[in-house]
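Worksheet for the structure shown next.
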Amino acid sequence: MVRLELPPGLGGLITALREAGGRPFVVGGAVRDALLGLPLKDYDLEVFGLDAERLKTALASLASINTVGEAFTVFKVSGLEGVDGAVDVSLPRRDSKVGPGHRGIAVVGDPQLSAEEATRRRDFTLNAILFDPVTGELVDPQGGGADLEARVLRAVDARTFGEDPLRALRAVQFAARFELAVEPKTARLC
């Protein structure tokens, strides 16, 4: 079990999302950094069980939201007590390559996706770990915890990794920043 201290404003947001019928998870960098024993800087939530409109309504009743990423079912929530900057709150989603570059990706939010399916779209296994703030459990269908422990950077899905060319740059950044060895298949994908 990982210990992930949440600022009061984020705890309140999680409670409100649960009361609205959602199941919010802390995802991405905050979970990775907690497992590595690093200070937590940005918090991202992925909310299962609420459609985009219900999610937006629940968020609007709590804090200031920026809907700049609404087409991708991502809302930036700011003004939360104890949180510097904005928290990205999103629905689980599917990504599909529809054009060139990292902007040529179509995104469809689907609050009914399984955790395994939702994390499949993420870049690296170490960013595909979900933390349930209510139970304290980690949900790790892609094996990111084991990869972190082994100090290995591994792509989640070889078939989709290359759809976003920025992932190769992120691989170099993560390997250097966290002193990780890039798994050979992931290195070839880059």
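Identifiers in this document derive from the order of the structure tokens: chains are assigned A, B, ..., residues are numbered from 1 separately in each chain, and ligands are numbered from 1 in order of occurrence.
Using only C-alpha atoms, the protein and nucleic acid residues lying no more than 6 Å from stretch 33-46 of chain A, apart from those fewer than 6 places from it along its own chain, are A:Pro24, A:Phe25, A:Val26, A:Val27, A:Val87, A:Asp88, A:Val89, A:Ser90, A:Leu91.
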Taking 2 positions as the minimum chain separation for residues in the same chain, which residues sit within 8 Å of A:Pro92 when counting only C-alpha atoms? Answer as a ChimeraX atom specification.
/A:46-48,90,94,109-113,118
Let's have the selection written as an mmCIF file, in the first residue's frame, with all heavy atoms.
```
data_model
loop_
_atom_site.group_PDB
_atom_site.id
_atom_site.type_symbol
_atom_site.label_atom_id
_atom_site.label_comp_id
_atom_site.auth_asym_id
_atom_site.auth_seq_id
_atom_site.Cartn_x
_atom_site.Cartn_y
_atom_site.Cartn_z
ATOM 1 N N GLU A 46 -8.899 10.604 -12.562
ATOM 2 C CA GLU A 46 -9.684 9.983 -13.620
ATOM 3 C C GLU A 46 -10.934 9.443 -12.929
ATOM 4 O O GLU A 46 -10.824 8.734 -11.916
ATOM 5 C CB GLU A 46 -8.894 8.865 -14.292
ATOM 6 C CG GLU A 46 -9.511 8.419 -15.600
ATOM 7 C CD GLU A 46 -8.499 7.698 -16.475
ATOM 8 O OE1 GLU A 46 -7.782 8.384 -17.218
ATOM 9 O OE2 GLU A 46 -8.441 6.464 -16.406
ATOM 10 N N VAL A 47 -12.102 9.822 -13.452
ATOM 11 C CA VAL A 47 -13.368 9.524 -12.779
ATOM 12 C C VAL A 47 -14.170 8.525 -13.606
ATOM 13 O O VAL A 47 -14.612 8.827 -14.722
ATOM 14 C CB VAL A 47 -14.183 10.812 -12.551
ATOM 15 C CG1 VAL A 47 -15.464 10.494 -11.787
ATOM 16 C CG2 VAL A 47 -13.355 11.848 -11.812
ATOM 17 N N PHE A 48 -14.352 7.358 -13.044
ATOM 18 C CA PHE A 48 -15.165 6.309 -13.662
ATOM 19 C C PHE A 48 -16.601 6.458 -13.181
ATOM 20 O O PHE A 48 -16.841 6.901 -12.069
ATOM 21 C CB PHE A 48 -14.626 4.927 -13.252
ATOM 22 C CG PHE A 48 -13.283 4.589 -13.837
ATOM 23 C CD1 PHE A 48 -12.132 5.201 -13.376
ATOM 24 C CD2 PHE A 48 -13.174 3.664 -14.860
ATOM 25 C CE1 PHE A 48 -10.884 4.896 -13.901
ATOM 26 C CE2 PHE A 48 -11.927 3.347 -15.400
ATOM 27 C CZ PHE A 48 -10.784 3.970 -14.915
ATOM 28 N N SER A 90 -10.464 13.974 -15.529
ATOM 29 C CA SER A 90 -10.873 13.434 -16.826
ATOM 30 C C SER A 90 -11.719 12.187 -16.659
ATOM 31 O O SER A 90 -11.778 11.585 -15.583
ATOM 32 C CB SER A 90 -9.632 13.098 -17.663
ATOM 33 O OG SER A 90 -8.888 12.065 -17.045
ATOM 34 N N ARG A 94 -10.739 6.477 -24.717
ATOM 35 C CA ARG A 94 -10.061 5.739 -25.789
ATOM 36 C C ARG A 94 -9.459 6.766 -26.733
ATOM 37 O O ARG A 94 -10.078 7.786 -27.030
ATOM 38 C CB ARG A 94 -11.054 4.903 -26.572
ATOM 39 C CG ARG A 94 -11.580 3.714 -25.841
ATOM 40 C CD ARG A 94 -12.409 2.848 -26.815
ATOM 41 N NE ARG A 94 -12.859 1.660 -26.149
ATOM 42 C CZ ARG A 94 -14.005 1.559 -25.488
ATOM 43 N NH1 ARG A 94 -14.818 2.582 -25.424
ATOM 44 N NH2 ARG A 94 -14.338 0.447 -24.902
ATOM 45 N N GLY A 109 -14.382 9.919 -24.510
ATOM 46 C CA GLY A 109 -14.527 9.594 -23.094
ATOM 47 C C GLY A 109 -15.540 8.483 -22.911
ATOM 48 O O GLY A 109 -16.583 8.467 -23.568
ATOM 49 N N ASP A 110 -15.227 7.533 -22.036
ATOM 50 C CA ASP A 110 -16.128 6.418 -21.765
ATOM 51 C C ASP A 110 -16.020 6.054 -20.287
ATOM 52 O O ASP A 110 -15.108 5.331 -19.889
ATOM 53 C CB ASP A 110 -15.775 5.221 -22.636
ATOM 54 C CG ASP A 110 -16.727 4.053 -22.451
ATOM 55 O OD1 ASP A 110 -17.555 4.083 -21.508
ATOM 56 O OD2 ASP A 110 -16.636 3.091 -23.228
ATOM 57 N N PRO A 111 -16.933 6.563 -19.463
ATOM 58 C CA PRO A 111 -16.841 6.323 -18.023
ATOM 59 C C PRO A 111 -17.057 4.874 -17.615
ATOM 60 O O PRO A 111 -16.851 4.521 -16.461
ATOM 61 C CB PRO A 111 -17.934 7.221 -17.444
ATOM 62 C CG PRO A 111 -18.903 7.414 -18.551
ATOM 63 C CD PRO A 111 -18.099 7.367 -19.821
ATOM 64 N N GLN A 112 -17.438 4.027 -18.551
ATOM 65 C CA GLN A 112 -17.676 2.618 -18.235
ATOM 66 C C GLN A 112 -16.496 1.713 -18.580
ATOM 67 O O GLN A 112 -16.568 0.505 -18.402
ATOM 68 C CB GLN A 112 -18.942 2.126 -18.966
ATOM 69 C CG GLN A 112 -20.193 2.930 -18.661
ATOM 70 C CD GLN A 112 -20.441 3.138 -17.174
ATOM 71 O OE1 GLN A 112 -20.301 2.235 -16.357
ATOM 72 N NE2 GLN A 112 -20.789 4.365 -16.797
ATOM 73 N N LEU A 113 -15.399 2.267 -19.079
ATOM 74 C CA LEU A 113 -14.228 1.456 -19.393
ATOM 75 C C LEU A 113 -13.716 0.754 -18.139
ATOM 76 O O LEU A 113 -13.841 1.277 -17.036
ATOM 77 C CB LEU A 113 -13.086 2.325 -19.936
ATOM 78 C CG LEU A 113 -13.170 2.821 -21.370
ATOM 79 C CD1 LEU A 113 -11.951 3.682 -21.693
ATOM 80 C CD2 LEU A 113 -13.266 1.673 -22.348
ATOM 81 N N ALA A 118 -8.728 1.473 -19.743
ATOM 82 C CA ALA A 118 -8.449 2.901 -19.605
ATOM 83 C C ALA A 118 -6.950 3.174 -19.521
ATOM 84 O O ALA A 118 -6.467 4.160 -20.080
ATOM 85 C CB ALA A 118 -9.155 3.454 -18.374
#
```
Tell me, counting only C-alpha atoms, for each residue of stretch 60-170 of chain A within 9 Å of stretch 177-187 of chain A, which pair of atoms is nearest and how far apart they are in Å to one decimal, in rows ordered by chain and increasing number, as CSV.
```
residue,atom,partner,partner_atom,distance
A:Leu148,CA,A:Leu180,CA,8.2
A:Ala150,CA,A:Leu180,CA,8.5
A:Arg151,CA,A:Leu180,CA,4.8
A:Val152,CA,A:Ala181,CA,4.9
A:Leu153,CA,A:Val182,CA,4.7
A:Arg154,CA,A:Glu183,CA,5.5
A:Ala155,CA,A:Thr186,CA,5.6
A:Ala158,CA,A:Thr186,CA,7.6
A:Phe161,CA,A:Thr186,CA,8.7
A:Ala168,CA,A:Ala187,CA,8.4
```
Go ahead and write the selection's residues with all heavy atoms as a PDB file, in the first residue's frame.
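Output below, filename result_10.pdb:
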```
ATOM      1  N   LEU A 148       8.648   0.048 -11.877  1.00  0.00           N
ATOM      2  CA  LEU A 148       9.293   1.086 -11.061  1.00  0.00           C
ATOM      3  C   LEU A 148      10.297   0.462 -10.092  1.00  0.00           C
ATOM      4  O   LEU A 148      11.401   0.964  -9.926  1.00  0.00           O
ATOM      5  CB  LEU A 148       8.249   1.858 -10.257  1.00  0.00           C
ATOM      6  CG  LEU A 148       7.747   3.163 -10.838  1.00  0.00           C
ATOM      7  CD1 LEU A 148       6.737   3.794  -9.898  1.00  0.00           C
ATOM      8  CD2 LEU A 148       8.846   4.125 -11.158  1.00  0.00           C
ATOM      9  N   ALA A 150      11.880  -2.288 -10.465  1.00  0.00           N
ATOM     10  CA  ALA A 150      13.020  -2.791 -11.237  1.00  0.00           C
ATOM     11  C   ALA A 150      13.782  -1.670 -11.938  1.00  0.00           C
ATOM     12  O   ALA A 150      14.783  -1.928 -12.597  1.00  0.00           O
ATOM     13  CB  ALA A 150      12.535  -3.822 -12.259  1.00  0.00           C
ATOM     14  N   ARG A 151      13.261  -0.432 -11.812  1.00  0.00           N
ATOM     15  CA  ARG A 151      13.875   0.756 -12.444  1.00  0.00           C
ATOM     16  C   ARG A 151      13.893   0.619 -13.966  1.00  0.00           C
ATOM     17  O   ARG A 151      14.875   0.920 -14.634  1.00  0.00           O
ATOM     18  CB  ARG A 151      15.279   1.013 -11.906  1.00  0.00           C
ATOM     19  CG  ARG A 151      15.419   1.061 -10.396  1.00  0.00           C
ATOM     20  CD  ARG A 151      14.543   2.029  -9.709  1.00  0.00           C
ATOM     21  NE  ARG A 151      14.928   3.401  -9.987  1.00  0.00           N
ATOM     22  CZ  ARG A 151      14.284   4.445  -9.525  1.00  0.00           C
ATOM     23  NH1 ARG A 151      13.229   4.281  -8.776  1.00  0.00           N
ATOM     24  NH2 ARG A 151      14.667   5.651  -9.807  1.00  0.00           N
ATOM     25  N   VAL A 152      12.756   0.173 -14.529  1.00  0.00           N
ATOM     26  CA  VAL A 152      12.611  -0.041 -15.968  1.00  0.00           C
ATOM     27  C   VAL A 152      11.511   0.859 -16.507  1.00  0.00           C
ATOM     28  O   VAL A 152      10.433   0.956 -15.922  1.00  0.00           O
ATOM     29  CB  VAL A 152      12.269  -1.526 -16.272  1.00  0.00           C
ATOM     30  CG1 VAL A 152      11.912  -1.730 -17.730  1.00  0.00           C
ATOM     31  CG2 VAL A 152      13.420  -2.427 -15.864  1.00  0.00           C
ATOM     32  N   LEU A 153      11.785   1.496 -17.649  1.00  0.00           N
ATOM     33  CA  LEU A 153      10.783   2.299 -18.345  1.00  0.00           C
ATOM     34  C   LEU A 153      10.260   1.469 -19.510  1.00  0.00           C
ATOM     35  O   LEU A 153      11.019   1.066 -20.394  1.00  0.00           O
ATOM     36  CB  LEU A 153      11.398   3.606 -18.864  1.00  0.00           C
ATOM     37  CG  LEU A 153      10.415   4.568 -19.531  1.00  0.00           C
ATOM     38  CD1 LEU A 153       9.414   5.107 -18.506  1.00  0.00           C
ATOM     39  CD2 LEU A 153      11.167   5.713 -20.178  1.00  0.00           C
ATOM     40  N   ARG A 154       8.956   1.175 -19.481  1.00  0.00           N
ATOM     41  CA  ARG A 154       8.342   0.283 -20.475  1.00  0.00           C
ATOM     42  C   ARG A 154       7.091   0.940 -21.058  1.00  0.00           C
ATOM     43  O   ARG A 154       6.268   1.480 -20.314  1.00  0.00           O
ATOM     44  CB  ARG A 154       7.963  -1.030 -19.804  1.00  0.00           C
ATOM     45  CG  ARG A 154       7.379  -2.092 -20.706  1.00  0.00           C
ATOM     46  CD  ARG A 154       6.935  -3.330 -19.909  1.00  0.00           C
ATOM     47  NE  ARG A 154       7.852  -3.722 -18.856  1.00  0.00           N
ATOM     48  CZ  ARG A 154       8.910  -4.521 -19.033  1.00  0.00           C
ATOM     49  NH1 ARG A 154       9.168  -5.012 -20.228  1.00  0.00           N
ATOM     50  NH2 ARG A 154       9.681  -4.837 -18.000  1.00  0.00           N
ATOM     51  N   ALA A 155       6.943   0.873 -22.371  1.00  0.00           N
ATOM     52  CA  ALA A 155       5.721   1.346 -23.033  1.00  0.00           C
ATOM     53  C   ALA A 155       4.556   0.446 -22.641  1.00  0.00           C
ATOM     54  O   ALA A 155       4.725  -0.761 -22.479  1.00  0.00           O
ATOM     55  CB  ALA A 155       5.900   1.340 -24.545  1.00  0.00           C
ATOM     56  N   ALA A 158       2.688  -1.390 -27.401  1.00  0.00           N
ATOM     57  CA  ALA A 158       3.581  -1.195 -28.560  1.00  0.00           C
ATOM     58  C   ALA A 158       2.808  -0.787 -29.807  1.00  0.00           C
ATOM     59  O   ALA A 158       3.321  -0.047 -30.646  1.00  0.00           O
ATOM     60  CB  ALA A 158       4.374  -2.473 -28.826  1.00  0.00           C
ATOM     61  N   PHE A 161       1.945   3.128 -29.085  1.00  0.00           N
ATOM     62  CA  PHE A 161       2.975   4.005 -28.533  1.00  0.00           C
ATOM     63  C   PHE A 161       3.412   5.061 -29.548  1.00  0.00           C
ATOM     64  O   PHE A 161       3.531   6.238 -29.222  1.00  0.00           O
ATOM     65  CB  PHE A 161       4.186   3.185 -28.066  1.00  0.00           C
ATOM     66  CG  PHE A 161       5.252   4.026 -27.425  1.00  0.00           C
ATOM     67  CD1 PHE A 161       5.156   4.393 -26.098  1.00  0.00           C
ATOM     68  CD2 PHE A 161       6.352   4.453 -28.151  1.00  0.00           C
ATOM     69  CE1 PHE A 161       6.137   5.175 -25.497  1.00  0.00           C
ATOM     70  CE2 PHE A 161       7.336   5.230 -27.558  1.00  0.00           C
ATOM     71  CZ  PHE A 161       7.227   5.593 -26.229  1.00  0.00           C
ATOM     72  N   ALA A 168       8.542   9.591 -27.445  1.00  0.00           N
ATOM     73  CA  ALA A 168       9.982   9.283 -27.503  1.00  0.00           C
ATOM     74  C   ALA A 168      10.761  10.295 -26.671  1.00  0.00           C
ATOM     75  O   ALA A 168      11.704   9.924 -25.947  1.00  0.00           O
ATOM     76  CB  ALA A 168      10.465   9.274 -28.948  1.00  0.00           C
TER      77      ALA A 168
END
```
Mind the document's chain letters and residue numbers, and return as an MDAnalysis selection string the residues of stretch 76-184 of chain A that DSSP labels strand (DSSP E).
chainID A and resid 76:78 87:90 93:97 105:109 130:131 138:139 152:153 181:182
Would you please extract all helix (DSSP H, G or I) residues from stretch 105-155 of chain A, as assigned by DSSP on the backbone, and give them as a ChimeraX atom specification?
/A:115-119,125-127,144-150
Output file for the residues above (N, CA, C and O atoms, as a short mmCIF file (atom, residue, chain, number, x, y, z; two decimals), in the first residue's frame):
```cif
data_model
loop_
_atom_site.label_atom_id
_atom_site.label_comp_id
_atom_site.auth_asym_id
_atom_site.auth_seq_id
_atom_site.Cartn_x
_atom_site.Cartn_y
_atom_site.Cartn_z
N ALA A 115 -10.53 -0.51 -15.80
CA ALA A 115 -9.23 0.10 -15.49
C ALA A 115 -8.17 -0.38 -16.47
O ALA A 115 -7.33 0.40 -16.91
N GLU A 116 -8.21 -1.65 -16.82
CA GLU A 116 -7.22 -2.19 -17.77
C GLU A 116 -7.32 -1.49 -19.12
O GLU A 116 -6.32 -1.08 -19.69
N GLU A 117 -8.54 -1.34 -19.61
CA GLU A 117 -8.74 -0.67 -20.90
C GLU A 117 -8.36 0.81 -20.83
O GLU A 117 -7.73 1.34 -21.73
N ALA A 118 -8.73 1.47 -19.74
CA ALA A 118 -8.45 2.90 -19.60
C ALA A 118 -6.95 3.17 -19.52
O ALA A 118 -6.47 4.16 -20.08
N THR A 119 -6.21 2.31 -18.84
CA THR A 119 -4.77 2.55 -18.69
C THR A 119 -3.99 2.14 -19.94
O THR A 119 -2.85 2.54 -20.10
N THR A 125 4.17 2.29 -18.39
CA THR A 125 3.53 1.55 -17.30
C THR A 125 3.59 2.32 -15.99
O THR A 125 2.65 2.26 -15.20
N LEU A 126 4.67 3.08 -15.76
CA LEU A 126 4.80 3.82 -14.50
C LEU A 126 3.81 4.96 -14.39
O LEU A 126 3.59 5.49 -13.31
N ASN A 127 3.18 5.34 -15.51
CA ASN A 127 2.14 6.37 -15.50
C ASN A 127 0.74 5.77 -15.61
O ASN A 127 -0.23 6.50 -15.77
N GLY A 144 3.06 -1.38 -13.77
CA GLY A 144 3.94 -0.24 -13.55
C GLY A 144 4.68 -0.27 -12.23
O GLY A 144 5.82 0.18 -12.14
N GLY A 145 4.05 -0.80 -11.19
CA GLY A 145 4.71 -0.87 -9.89
C GLY A 145 5.95 -1.76 -9.94
O GLY A 145 7.01 -1.40 -9.42
N ALA A 146 5.82 -2.91 -10.59
CA ALA A 146 6.97 -3.82 -10.73
C ALA A 146 8.06 -3.18 -11.57
O ALA A 146 9.25 -3.32 -11.28
N ASP A 147 7.66 -2.47 -12.64
CA ASP A 147 8.65 -1.79 -13.48
C ASP A 147 9.38 -0.70 -12.70
O ASP A 147 10.60 -0.54 -12.84
N LEU A 148 8.65 0.05 -11.88
CA LEU A 148 9.29 1.09 -11.06
C LEU A 148 10.30 0.46 -10.09
O LEU A 148 11.40 0.96 -9.93
N GLU A 149 9.88 -0.63 -9.47
CA GLU A 149 10.78 -1.30 -8.53
C GLU A 149 12.04 -1.82 -9.23
O GLU A 149 13.13 -1.76 -8.68
N ALA A 150 11.88 -2.29 -10.46
CA ALA A 150 13.02 -2.79 -11.24
C ALA A 150 13.78 -1.67 -11.94
O ALA A 150 14.78 -1.93 -12.60
#
```
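The shortest atom-to-atom distance to A:Phe174, with only C-alpha atoms taken into account, belongs to A:Arg32 out of A:Arg3, A:Arg23, A:Arg32, A:Arg18.
When only C-alpha atoms are used to compute distances to A:Val83, the closest of the residues A:Leu189, A:Leu10, A:Ala176, A:Leu4 turns out to be A:Leu10.
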